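Colleague: Input structure: entry-v1.csv, which contains CSV, C-alpha atoms and all ligand atoms.
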```csv
chain,number,residue,atom,x,y,z
A,22,MET,CA,135.1,97.8,94.5
A,23,PHE,CA,131.7,96.4,93.7
A,24,GLY,CA,129.1,96.1,96.5
A,25,ARG,CA,129.0,99.5,98.1
A,26,PHE,CA,126.1,101.2,96.4
A,27,PHE,CA,122.6,100.3,97.6
A,28,VAL,CA,120.4,103.2,96.5
A,29,PRO,CA,117.0,101.8,95.2
A,30,GLY,CA,118.0,102.9,91.7
A,31,PRO,CA,120.1,103.8,89.9
A,32,VAL,CA,121.9,100.6,91.1
A,33,GLU,CA,125.5,99.6,90.9
A,34,VAL,CA,126.5,98.3,87.4
A,35,HIS,CA,128.9,95.4,87.0
A,36,PRO,CA,132.3,96.6,85.5
A,37,ASP,CA,132.0,94.2,82.6
A,38,VAL,CA,128.6,95.7,81.7
A,39,LEU,CA,130.0,99.2,82.0
A,40,ALA,CA,133.0,98.2,79.8
A,41,ALA,CA,130.7,97.0,77.1
A,42,MET,CA,129.4,100.5,76.6
A,43,THR,CA,132.6,101.7,75.0
A,44,ARG,CA,132.2,99.5,71.8
A,45,PRO,CA,132.2,101.6,68.6
A,46,MET,CA,128.9,102.7,67.2
A,47,LEU,CA,127.1,100.6,64.5
A,48,HIS,CA,124.3,101.3,62.1
A,49,HIS,CA,121.1,100.8,64.1
A,50,ARG,CA,119.2,99.2,61.1
A,51,GLY,CA,122.2,97.1,59.9
A,52,LYS,CA,122.8,93.4,60.4
A,53,GLU,CA,124.9,93.7,63.5
A,54,ALA,CA,122.3,95.8,65.3
A,55,ARG,CA,119.5,93.4,64.2
A,56,ASP,CA,121.6,90.5,65.6
A,57,LEU,CA,121.9,92.4,68.9
A,58,TYR,CA,118.1,93.0,69.1
A,59,ALA,CA,117.7,89.3,68.5
A,60,ARG,CA,120.2,88.3,71.2
A,61,VAL,CA,118.6,90.5,73.9
A,62,ALA,CA,115.0,89.5,73.1
A,63,PRO,CA,114.6,86.1,74.8
A,64,THR,CA,115.8,87.3,78.2
A,65,LEU,CA,113.7,90.5,78.0
A,66,ARG,CA,110.6,88.3,77.1
A,67,GLU,CA,111.4,86.1,80.1
A,68,VAL,CA,111.7,89.1,82.4
A,69,PHE,CA,108.3,90.2,81.4
A,70,GLY,CA,106.9,86.7,81.2
A,71,THR,CA,105.6,87.1,77.7
A,72,SER,CA,105.8,85.8,74.2
A,73,ARG,CA,105.2,89.3,72.9
A,74,PRO,CA,108.1,91.5,71.8
A,75,VAL,CA,109.7,93.8,74.5
A,76,ARG,CA,110.3,97.3,73.1
A,77,PHE,CA,112.9,99.6,74.3
A,78,LEU,CA,112.8,103.4,74.5
A,79,ALA,CA,115.7,105.8,74.9
A,80,SER,CA,114.1,107.3,78.0
A,81,SER,CA,114.0,106.8,81.7
A,82,GLY,CA,111.3,104.5,83.1
A,83,THR,CA,108.7,107.3,83.2
A,84,GLY,CA,108.8,107.4,79.3
A,85,ALA,CA,107.6,103.8,79.2
A,86,VAL,CA,105.0,104.5,81.9
A,87,GLU,CA,103.7,107.5,79.9
A,88,ALA,CA,103.7,105.5,76.6
A,89,GLY,CA,101.4,103.0,78.2
A,90,ILE,CA,99.0,105.6,79.6
A,91,ARG,CA,99.0,107.5,76.3
A,92,ALA,CA,97.9,104.3,74.5
A,93,LEU,CA,94.6,104.2,76.5
A,94,PRO,CA,91.5,105.4,74.7
A,95,PRO,CA,89.9,108.6,76.0
A,96,GLY,CA,87.8,108.2,79.2
A,97,ARG,CA,88.1,107.6,82.9
A,98,VAL,CA,90.9,105.6,84.5
A,99,LEU,CA,91.3,104.1,88.0
A,100,ALA,CA,94.7,104.8,89.5
A,101,LEU,CA,95.9,102.7,92.5
A,102,VAL,CA,97.8,105.0,94.9
A,103,ASN,CA,99.8,103.6,97.8
A,104,GLY,CA,102.8,105.8,97.5
A,105,ALA,CA,104.6,108.5,95.5
A,106,PHE,CA,104.9,106.5,92.3
A,107,GLY,CA,101.3,105.5,92.3
A,108,GLU,CA,100.4,109.2,92.6
A,109,ARG,CA,102.8,110.0,89.8
A,110,MET,CA,101.0,107.5,87.5
A,111,ALA,CA,97.7,109.2,88.4
A,112,ARG,CA,99.2,112.6,87.5
A,113,ILE,CA,100.6,111.4,84.2
A,114,ALA,CA,97.1,110.2,83.3
A,115,GLU,CA,95.6,113.6,84.2
A,116,THR,CA,98.3,115.3,82.1
A,117,CYS,CA,97.2,113.0,79.2
A,118,HIS,CA,93.6,114.3,79.6
A,119,HIS,CA,92.1,111.3,81.4
A,120,GLU,CA,89.6,111.7,84.1
A,121,VAL,CA,91.2,110.0,87.1
A,122,ASP,CA,89.6,108.2,90.0
A,123,ARG,CA,92.1,107.2,92.8
A,124,ILE,CA,91.8,104.3,95.1
A,125,GLU,CA,94.2,104.7,98.0
A,126,ALA,CA,96.0,102.6,100.5
A,127,PRO,CA,98.1,103.8,103.4
A,128,LEU,CA,101.9,104.0,102.9
A,129,GLY,CA,103.4,100.5,103.3
A,130,ARG,CA,100.1,98.7,102.4
A,131,ILE,CA,98.8,97.5,99.1
A,132,VAL,CA,95.5,98.3,97.4
A,133,ASP,CA,92.8,95.7,98.1
A,134,PRO,CA,91.9,93.9,94.8
A,135,ASP,CA,88.3,93.5,96.0
A,136,ALA,CA,88.0,97.3,96.3
A,137,VAL,CA,89.3,97.5,92.7
A,138,ALA,CA,86.8,95.0,91.4
A,139,ALA,CA,84.0,96.9,93.1
A,140,LYS,CA,85.1,100.2,91.5
A,141,VAL,CA,85.5,98.5,88.1
A,142,ARG,CA,82.0,97.0,88.3
A,143,ALA,CA,80.5,100.4,89.1
A,144,THR,CA,82.3,102.6,86.5
A,145,PRO,CA,83.2,102.0,82.8
A,146,TYR,CA,87.0,102.6,83.2
A,147,VAL,CA,89.2,102.6,80.1
A,148,GLY,CA,92.2,101.5,82.2
A,149,VAL,CA,93.5,100.5,85.6
A,150,LEU,CA,96.9,101.9,86.6
A,151,ALA,CA,99.1,100.2,89.2
A,152,VAL,CA,102.6,100.2,90.5
A,153,HIS,CA,103.9,96.7,91.0
A,154,ASN,CA,106.7,97.6,93.4
A,155,GLU,CA,106.2,101.0,95.2
A,156,THR,CA,109.8,102.1,95.6
A,157,SER,CA,109.0,104.8,98.1
A,158,THR,CA,107.7,102.3,100.7
A,159,GLY,CA,108.9,98.9,99.6
A,160,ALA,CA,105.4,97.4,99.2
A,161,LEU,CA,104.9,94.8,96.5
A,162,GLN,CA,101.5,94.6,94.9
A,163,PRO,CA,100.7,91.0,93.7
A,164,LEU,CA,99.6,91.3,90.0
A,165,LEU,CA,97.4,88.3,89.4
A,166,PRO,CA,94.6,89.4,91.9
A,167,LEU,CA,94.7,92.9,90.4
A,168,ALA,CA,94.5,91.6,86.8
A,169,ARG,CA,91.5,89.5,87.8
A,170,ALA,CA,89.9,92.5,89.6
A,171,ALA,CA,90.4,94.6,86.5
A,172,GLY,CA,88.8,92.0,84.3
A,173,GLU,CA,88.2,93.3,80.8
A,174,VAL,CA,89.6,96.7,81.7
A,175,PRO,CA,93.3,96.9,80.6
A,176,LEU,CA,95.7,96.8,83.5
A,177,VAL,CA,98.7,99.1,83.0
A,178,VAL,CA,101.6,98.3,85.3
A,179,ASP,CA,104.7,100.3,86.3
A,180,SER,CA,107.2,97.6,87.3
A,181,ILE,CA,110.1,100.0,87.2
A,182,SER,CA,111.6,98.6,90.4
A,183,GLY,CA,110.0,95.2,90.2
A,184,ALA,CA,111.0,93.8,86.8
A,185,ALA,CA,114.0,91.3,86.9
A,186,GLY,CA,113.8,91.1,90.7
A,187,ALA,CA,110.2,89.8,90.9
A,188,PRO,CA,108.1,88.0,88.3
A,189,ILE,CA,105.6,90.0,86.2
A,190,ASP,CA,104.1,87.1,84.2
A,191,LEU,CA,102.4,89.4,81.7
A,192,ASP,CA,100.8,86.7,79.6
A,193,ALA,CA,99.8,84.3,82.4
A,194,ASN,CA,98.4,87.1,84.6
A,195,GLY,CA,96.5,88.7,81.7
A,196,ILE,CA,98.3,92.1,82.1
A,197,ALA,CA,97.7,94.5,79.2
A,198,TYR,CA,100.9,96.5,79.5
A,199,ALA,CA,103.9,96.5,81.8
A,200,CYS,CA,107.1,98.5,81.7
A,201,THR,CA,110.4,99.1,83.5
A,202,GLY,CA,113.5,101.1,83.5
A,203,SER,CA,117.1,100.0,83.0
A,204,GLN,CA,118.5,101.3,86.3
A,205,LYS,CA,116.8,99.1,88.8
A,206,ALA,CA,116.8,95.3,89.1
A,207,LEU,CA,118.1,94.9,85.5
A,208,ALA,CA,121.3,96.5,86.9
A,209,LEU,CA,122.1,98.7,83.8
A,210,PRO,CA,122.9,102.3,83.7
A,211,PRO,CA,119.8,104.6,83.6
A,212,GLY,CA,118.4,105.7,80.2
A,213,LEU,CA,116.4,102.8,78.8
A,214,GLY,CA,112.7,102.2,79.2
A,215,PHE,CA,111.3,98.7,78.4
A,216,ALA,CA,107.7,97.9,77.6
A,217,ALA,CA,105.6,94.9,76.7
A,218,ALA,CA,102.0,95.0,75.6
A,219,SER,CA,99.3,92.4,74.8
A,220,GLU,CA,98.0,92.3,71.3
A,221,ARG,CA,94.6,93.3,72.6
A,222,PHE,CA,96.1,96.4,74.2
A,223,LEU,CA,97.8,97.5,71.0
A,224,ALA,CA,94.5,97.0,69.1
A,225,LEU,CA,92.9,99.3,71.7
A,226,ALA,CA,95.7,101.8,71.4
A,227,ARG,CA,94.5,102.7,67.9
A,228,GLN,CA,91.5,104.4,69.5
A,229,SER,CA,93.7,106.6,71.6
A,230,THR,CA,93.9,110.3,70.8
A,231,GLU,CA,96.9,111.0,73.0
A,232,ARG,CA,99.6,108.6,71.7
A,233,GLY,CA,101.8,111.5,70.8
A,234,PHE,CA,104.8,110.9,68.5
A,235,TYR,CA,107.9,109.7,70.3
A,236,LEU,CA,105.9,107.8,72.9
A,237,ASP,CA,103.4,106.2,70.4
A,238,LEU,CA,103.6,102.5,71.2
A,239,LEU,CA,102.3,101.6,67.8
A,240,ALA,CA,105.4,103.3,66.2
A,241,TYR,CA,107.5,100.7,68.0
A,242,GLU,CA,105.7,97.8,66.3
A,243,ARG,CA,108.5,97.1,63.8
A,244,ASP,CA,111.6,95.0,63.7
A,245,THR,CA,114.0,97.9,64.4
A,246,PRO,CA,113.5,100.8,66.8
A,247,PRO,CA,111.7,103.7,65.1
A,248,PHE,CA,114.1,106.3,66.5
A,249,THR,CA,117.9,106.1,66.9
A,250,PRO,CA,118.4,103.9,69.9
A,251,ALA,CA,120.7,104.6,72.8
A,252,LEU,CA,123.4,102.2,71.4
A,253,PRO,CA,125.9,102.3,74.4
A,254,LEU,CA,123.0,101.3,76.7
A,255,LEU,CA,122.1,98.5,74.3
A,256,TYR,CA,125.7,97.2,74.4
A,257,ALA,CA,125.4,97.2,78.1
A,258,LEU,CA,122.1,95.3,77.8
A,259,ASP,CA,123.7,92.8,75.5
A,260,ALA,CA,126.3,92.1,78.1
A,261,GLN,CA,123.9,92.0,81.0
A,262,VAL,CA,121.3,89.7,79.4
A,263,ALA,CA,124.1,87.1,79.0
A,264,ARG,CA,124.8,87.4,82.7
A,265,ILE,CA,121.1,87.2,83.6
A,266,ALA,CA,120.7,84.1,81.4
A,267,ALA,CA,123.8,82.5,83.0
A,268,GLU,CA,122.4,82.9,86.5
A,269,GLY,CA,118.9,82.0,85.4
A,270,LEU,CA,115.9,84.2,86.2
A,271,LYS,CA,114.4,81.9,88.8
A,272,ALA,CA,117.8,82.0,90.7
A,273,ARG,CA,117.8,85.8,90.3
A,274,PHE,CA,114.4,86.1,91.9
A,275,ALA,CA,115.5,83.7,94.7
A,276,ARG,CA,118.7,85.8,95.3
A,277,HIS,CA,116.5,88.9,95.5
A,278,ARG,CA,114.2,87.3,98.1
A,279,ALA,CA,117.2,86.1,100.1
A,280,MET,CA,118.8,89.6,100.1
A,281,ALA,CA,115.5,91.1,101.2
A,282,GLY,CA,115.1,88.5,103.9
A,283,MET,CA,118.5,89.3,105.3
A,284,THR,CA,117.6,93.0,105.7
A,285,TRP,CA,114.3,92.2,107.3
A,286,ASP,CA,116.0,89.9,109.8
A,287,TRP,CA,118.5,92.5,110.5
A,288,ALA,CA,115.8,95.1,111.2
A,289,VAL,CA,114.1,92.8,113.6
A,290,ARG,CA,117.4,92.2,115.5
A,291,LYS,CA,118.0,96.0,115.6
A,292,GLY,CA,114.4,96.9,116.6
A,293,LEU,CA,113.8,98.9,113.5
A,294,GLY,CA,110.4,99.2,111.9
A,295,ILE,CA,109.8,98.2,108.3
A,296,THR,CA,107.4,100.4,106.4
A,297,ALA,CA,105.9,97.7,104.2
A,298,ALA,CA,103.5,95.4,106.1
A,299,GLU,CA,104.4,91.8,106.4
A,300,GLY,CA,103.1,89.7,103.5
A,301,CYS,CA,103.5,92.6,100.9
A,302,ARG,CA,107.2,93.3,101.2
A,303,SER,CA,109.3,93.9,98.1
A,304,PRO,CA,112.3,91.6,97.2
A,305,THR,CA,114.1,94.6,95.7
A,306,VAL,CA,113.8,97.5,98.1
A,307,THR,CA,113.1,97.9,101.8
A,308,CYS,CA,112.2,101.1,103.7
A,309,PHE,CA,113.3,101.1,107.4
A,310,GLU,CA,112.0,103.3,110.2
A,311,LEU,CA,114.8,104.7,112.5
A,312,PRO,CA,114.6,105.0,116.3
A,313,GLN,CA,114.1,108.7,117.2
A,314,PRO,CA,115.9,111.1,117.5
A,315,LEU,CA,118.1,109.6,114.7
A,316,THR,CA,116.9,111.0,111.3
A,317,GLY,CA,117.1,109.5,107.8
A,318,PRO,CA,119.5,112.1,106.4
A,319,GLU,CA,121.8,111.7,109.5
A,320,PHE,CA,121.8,107.9,109.2
A,321,VAL,CA,122.5,108.0,105.4
A,322,GLU,CA,125.5,110.3,106.1
A,323,ARG,CA,126.8,108.0,108.8
A,324,VAL,CA,126.6,105.0,106.4
A,325,ARG,CA,128.3,107.1,103.7
A,326,ALA,CA,131.2,107.9,106.1
A,327,ARG,CA,131.7,104.1,106.4
A,328,GLY,CA,132.1,103.7,102.6
A,329,TYR,CA,128.5,102.6,101.7
A,330,VAL,CA,125.6,104.4,100.0
A,331,VAL,CA,122.0,103.8,101.0
A,332,GLY,CA,118.9,105.7,99.9
A,333,GLY,CA,117.1,108.3,102.0
A,334,GLY,CA,113.4,108.0,102.9
A,335,TYR,CA,111.1,109.3,100.1
A,336,GLY,CA,108.7,112.2,100.4
A,337,PRO,CA,106.9,112.2,103.7
A,338,LEU,CA,109.2,109.4,105.0
A,339,LYS,CA,112.4,111.4,104.4
A,340,GLU,CA,113.0,112.5,108.0
A,341,ARG,CA,112.5,109.2,109.8
A,342,CYS,CA,113.4,106.5,107.2
A,343,PHE,CA,116.1,105.2,105.0
A,344,ARG,CA,115.9,102.7,102.1
A,345,ILE,CA,118.1,99.9,100.9
A,346,GLY,CA,118.0,98.8,97.3
A,347,HIS,CA,118.9,95.1,97.5
A,348,MET,CA,118.6,94.5,93.8
A,349,GLY,CA,120.4,94.0,90.5
A,350,ASP,CA,123.7,92.3,90.9
A,351,GLN,CA,124.1,92.7,94.6
A,352,THR,CA,124.6,89.4,96.5
A,353,GLU,CA,124.0,88.1,100.0
A,354,ALA,CA,127.7,88.7,100.6
A,355,THR,CA,127.6,92.4,99.6
A,356,VAL,CA,124.4,92.9,101.6
A,357,GLU,CA,126.1,91.4,104.6
A,358,GLY,CA,129.0,93.9,104.2
A,359,LEU,CA,126.4,96.7,104.0
A,360,LEU,CA,124.6,95.5,107.1
A,361,HIS,CA,127.8,95.5,109.1
A,362,ALA,CA,128.3,99.2,108.1
A,363,CYS,CA,124.7,99.9,109.1
A,364,ASP,CA,125.2,98.2,112.5
A,365,ASP,CA,128.2,100.5,113.0
A,366,ALA,CA,126.2,103.5,111.9
A,367,LEU,CA,123.4,102.7,114.2
A,368,SER,CA,125.6,102.3,117.3
A,369,ALA,CA,127.7,105.4,116.5
B,1,LIG,N1,108.1,104.4,89.2
B,1,LIG,C1,108.7,103.7,90.1
B,1,LIG,C2,108.1,102.6,90.9
B,1,LIG,C3,110.0,104.1,90.4
B,1,LIG,O1,110.7,103.5,91.4
B,1,LIG,C4,110.6,105.2,89.7
B,1,LIG,C5,112.0,105.6,90.0
B,1,LIG,O2,112.5,105.4,91.1
B,1,LIG,C6,109.9,105.8,88.7
B,1,LIG,C7,108.6,105.3,88.4
B,1,LIG,C8,110.5,106.9,87.9
B,1,LIG,O3,111.4,106.2,87.0
B,1,LIG,P1,112.5,107.1,86.2
B,1,LIG,O4,113.2,108.0,87.1
B,1,LIG,O5,113.3,106.0,85.6
B,1,LIG,O6,111.7,107.8,85.1
```
For the file at hand, write its structure as structure tokens.
Modeller:
Amino acid sequence: MFGRFFVPGPVEVHPDVLAAMTRPMLHHRGKEARDLYARVAPTLREVFGTSRPVRFLASSGTGAVEAGIRALPPGRVLALVNGAFGERMARIAETCHHEVDRIEAPLGRIVDPDAVAAKVRATPYVGVLAVHNETSTGALQPLLPLARAAGEVPLVVDSISGAAGAPIDLDANGIAYACTGSQKALALPPGLGFAAASERFLALARQSTERGFYLDLLAYERDTPPFTPALPLLYALDAQVARIAAEGLKARFARHRAMAGMTWDWAVRKGLGITAAEGCRSPTVTCFELPQPLTGPEFVERVRARGYVVGGGYGPLKERCFRIGHMGDQTEATVEGLLHACDDALSA
């Protein structure tokens, strides 16, 4: 029965979308495949808010993050770190031989764009790295102020748990590169990374010495994927973009905000803390702080015993928190069912 699985990724996949994966294989450079690429393109462009092509990689989201970082020319980058995934971006950049400055914010907060602007004025960075939606805490970093703060320096955005649940507006915000993974608000099985880049960013990528082979963004600049694509996942994508288009992206964003709001109201009623500060809360994932002595793992287990799955706290928040992924194809009705189970689990 759909509506029981609320981990902040991978998320529950609609049965029709899962069923689409069993179609027979086709030639990935043949007409049928090209027709499929053309069918999925408009919705993907809308999700990223771009007129640029959206590329897909047979990788988890991190592959698409790494491809963006590898495309940067050699030099120093500024990494915004307000949680585990921001720190992961910084580490990827270090692995790709960049010197990395970090600008940090406490867990549940966002990085101050003015502080970013000051750093960018003082140092000739080749890139600014930011997580749109910090899944470990449920904090949403608004992208326009960041892009403005980065100015001429390319802004590389991990929107793995943001895309399709919150707007990215790549073109309007002047973002150089943004990417996501299939298993979050797009509500597909895991295994696809998606990426969109501005023309200017791709021109700059020619100066990179670290593009690698499989993750070389420039290799993806052609009308069919450079490597054999994950066809069953593309079949699922084909089915899912039709569903996303039928709902409408604006309505999808509104549904995500409504589901998030329900969980925040519930937390207030129950006297639970919310890790993300008011004003920067994510529409796709919320991290809740439990009353002691109830621990995160114990609460997750109590909810599981009631037929629902929620996520544990991440990293340092593991012991005292749990997370709800209210994203993808979940609805206000399914969230209501979950919150009843959570009520029960709390009072047990
Ligand atoms: N970045 C963010 C914000 C995430 O939420 C995740 C996964 O939860 C990742 C990166 C890593 O993505 P993947 O496991 O798809 O490589």
Colleague: Please list as a list in words every residue within 10 Å of Gly70 of chain A, counting all atoms listed in the file and excluding residues in the same chain fewer than 5 positions away.
Modeller: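 Final neighbour list, sorted by chain and number: Thr64, Leu65, Ala184, Pro188, Ile189, Asp190, Leu191, Asp192, Ala193, Asn194 and Ala217 of chain A.
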Colleague: Just C-alpha atoms for this one: save the residues we selected as an mmCIF file, in the coordinates of the input.
Modeller:
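And here's again.cif as it stands now:
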```
data_model
loop_
_atom_site.group_PDB
_atom_site.id
_atom_site.type_symbol
_atom_site.label_atom_id
_atom_site.label_comp_id
_atom_site.auth_asym_id
_atom_site.auth_seq_id
_atom_site.Cartn_x
_atom_site.Cartn_y
_atom_site.Cartn_z
ATOM 1 C CA THR A 64 115.800 87.300 78.200
ATOM 2 C CA LEU A 65 113.700 90.500 78.000
ATOM 3 C CA ALA A 184 111.000 93.800 86.800
ATOM 4 C CA PRO A 188 108.100 88.000 88.300
ATOM 5 C CA ILE A 189 105.600 90.000 86.200
ATOM 6 C CA ASP A 190 104.100 87.100 84.200
ATOM 7 C CA LEU A 191 102.400 89.400 81.700
ATOM 8 C CA ASP A 192 100.800 86.700 79.600
ATOM 9 C CA ALA A 193 99.800 84.300 82.400
ATOM 10 C CA ASN A 194 98.400 87.100 84.600
ATOM 11 C CA ALA A 217 105.600 94.900 76.700
#
```
Colleague: Nearest to Gly334 of chain A among A:Ala260, A:Val61, A:Cys308, A:Leu367, with distances taken over only C-alpha atoms: which residue is it?
Modeller: A:Cys308
Colleague: Please provide the set of residues having any atom within 9 Å of Gly202 of chain A, restricted to all atoms listed in the file, with same-chain residues fewer than 3 positions apart removed, written as a short mmCIF file (atom, residue, chain, number, x, y, z; two decimals) with C-alpha atoms, keeping the file's coordinate frame.
Modeller:
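Result went into result22.cif, see below:
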```cif
data_model
loop_
_atom_site.label_atom_id
_atom_site.label_comp_id
_atom_site.auth_asym_id
_atom_site.auth_seq_id
_atom_site.Cartn_x
_atom_site.Cartn_y
_atom_site.Cartn_z
CA SER A 80 114.10 107.30 78.00
CA SER A 81 114.00 106.80 81.70
CA GLY A 82 111.30 104.50 83.10
CA THR A 83 108.70 107.30 83.20
CA GLY A 84 108.80 107.40 79.30
CA ALA A 85 107.60 103.80 79.20
CA SER A 180 107.20 97.60 87.30
CA ILE A 181 110.10 100.00 87.20
CA SER A 182 111.60 98.60 90.40
CA ALA A 184 111.00 93.80 86.80
CA LYS A 205 116.80 99.10 88.80
CA ALA A 206 116.80 95.30 89.10
CA LEU A 207 118.10 94.90 85.50
CA LEU A 209 122.10 98.70 83.80
CA PRO A 211 119.80 104.60 83.60
CA GLY A 212 118.40 105.70 80.20
CA LEU A 213 116.40 102.80 78.80
CA GLY A 214 112.70 102.20 79.20
CA PHE A 215 111.30 98.70 78.40
CA ALA A 216 107.70 97.90 77.60
#
```
Colleague: If you measure from atom N1 of ligand LIG 1 (chain B) to atom CA of Ala88 of chain A, what distance in Å do you get, rounded to one decimal?
Modeller: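 The value is 13.4 Å.
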Colleague: Using all atoms listed in the file, which of A:Asp135, A:Glu357, A:Glu33, A:Glu155 sits nearest ligand LIG 1 (chain B)?
Modeller: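 Among the listed residues, the smallest separation from ligand LIG 1 (chain B) belongs to A:Glu155.
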Colleague: Counting only C-alpha atoms, figure out which residue out of A:Gly30, A:Pro318, A:Gly183, A:Gly300 gets nearest to Cys200 of chain A.
Modeller: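 Ranking A:Gly30, A:Pro318, A:Gly183, A:Gly300 by distance to Cys200 of chain A, first place goes to A:Gly183.
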Colleague: Counting all atoms listed in the file, which residue out of A:His153, A:Lys291, A:Arg50, A:His361 sits closest to ligand LIG 1 (chain B)?
Modeller: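 So, comparing all the options, the nearest one is A:His153.
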Colleague: Restricted to N, CA and C atoms, what does segment 287-304 of chain A look like when written out as a compact mmCIF listing (two decimals), in the first residue's frame?
Modeller:
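Full text of decode.txt as output:
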```txt
# COMPACT_ATOMS: atom_id res chain seq x y z
N TRP A 287 2.37 19.75 13.56
CA TRP A 287 2.32 18.56 14.43
C TRP A 287 3.39 18.65 15.51
N ALA A 288 4.62 19.04 15.08
CA ALA A 288 5.73 19.13 16.04
C ALA A 288 5.40 20.15 17.13
N VAL A 289 4.81 21.26 16.74
CA VAL A 289 4.45 22.29 17.73
C VAL A 289 3.44 21.72 18.72
N ARG A 290 2.42 21.02 18.17
CA ARG A 290 1.39 20.43 19.05
C ARG A 290 2.00 19.44 20.04
N LYS A 291 3.03 18.73 19.58
CA LYS A 291 3.63 17.67 20.41
C LYS A 291 4.80 18.18 21.25
N GLY A 292 5.14 19.43 21.08
CA GLY A 292 6.26 19.99 21.85
C GLY A 292 7.62 19.47 21.39
N LEU A 293 7.73 19.08 20.12
CA LEU A 293 9.03 18.63 19.59
C LEU A 293 9.77 19.81 18.97
N GLY A 294 11.09 19.78 19.09
CA GLY A 294 11.89 20.80 18.41
C GLY A 294 12.05 20.46 16.94
N ILE A 295 12.24 21.50 16.13
CA ILE A 295 12.57 21.31 14.71
C ILE A 295 13.97 21.87 14.52
N THR A 296 14.86 21.05 13.94
CA THR A 296 16.27 21.44 13.86
C THR A 296 16.47 22.69 13.01
N ALA A 297 15.77 22.77 11.88
CA ALA A 297 15.95 23.94 11.01
C ALA A 297 15.22 25.14 11.60
N ALA A 298 15.89 26.28 11.56
CA ALA A 298 15.31 27.50 12.12
C ALA A 298 14.13 27.95 11.27
N GLU A 299 13.20 28.62 11.92
CA GLU A 299 12.05 29.15 11.18
C GLU A 299 12.56 30.10 10.10
N GLY A 300 11.91 30.05 8.94
CA GLY A 300 12.34 30.93 7.86
C GLY A 300 13.29 30.24 6.89
N CYS A 301 13.93 29.14 7.31
CA CYS A 301 14.79 28.42 6.34
C CYS A 301 14.49 26.93 6.38
N ARG A 302 13.20 26.61 6.54
CA ARG A 302 12.83 25.19 6.60
C ARG A 302 12.51 24.63 5.22
N SER A 303 12.91 23.39 5.06
CA SER A 303 12.78 22.71 3.77
C SER A 303 11.35 22.23 3.53
N PRO A 304 10.89 22.32 2.28
CA PRO A 304 9.58 21.73 1.97
C PRO A 304 9.65 20.21 1.77
```
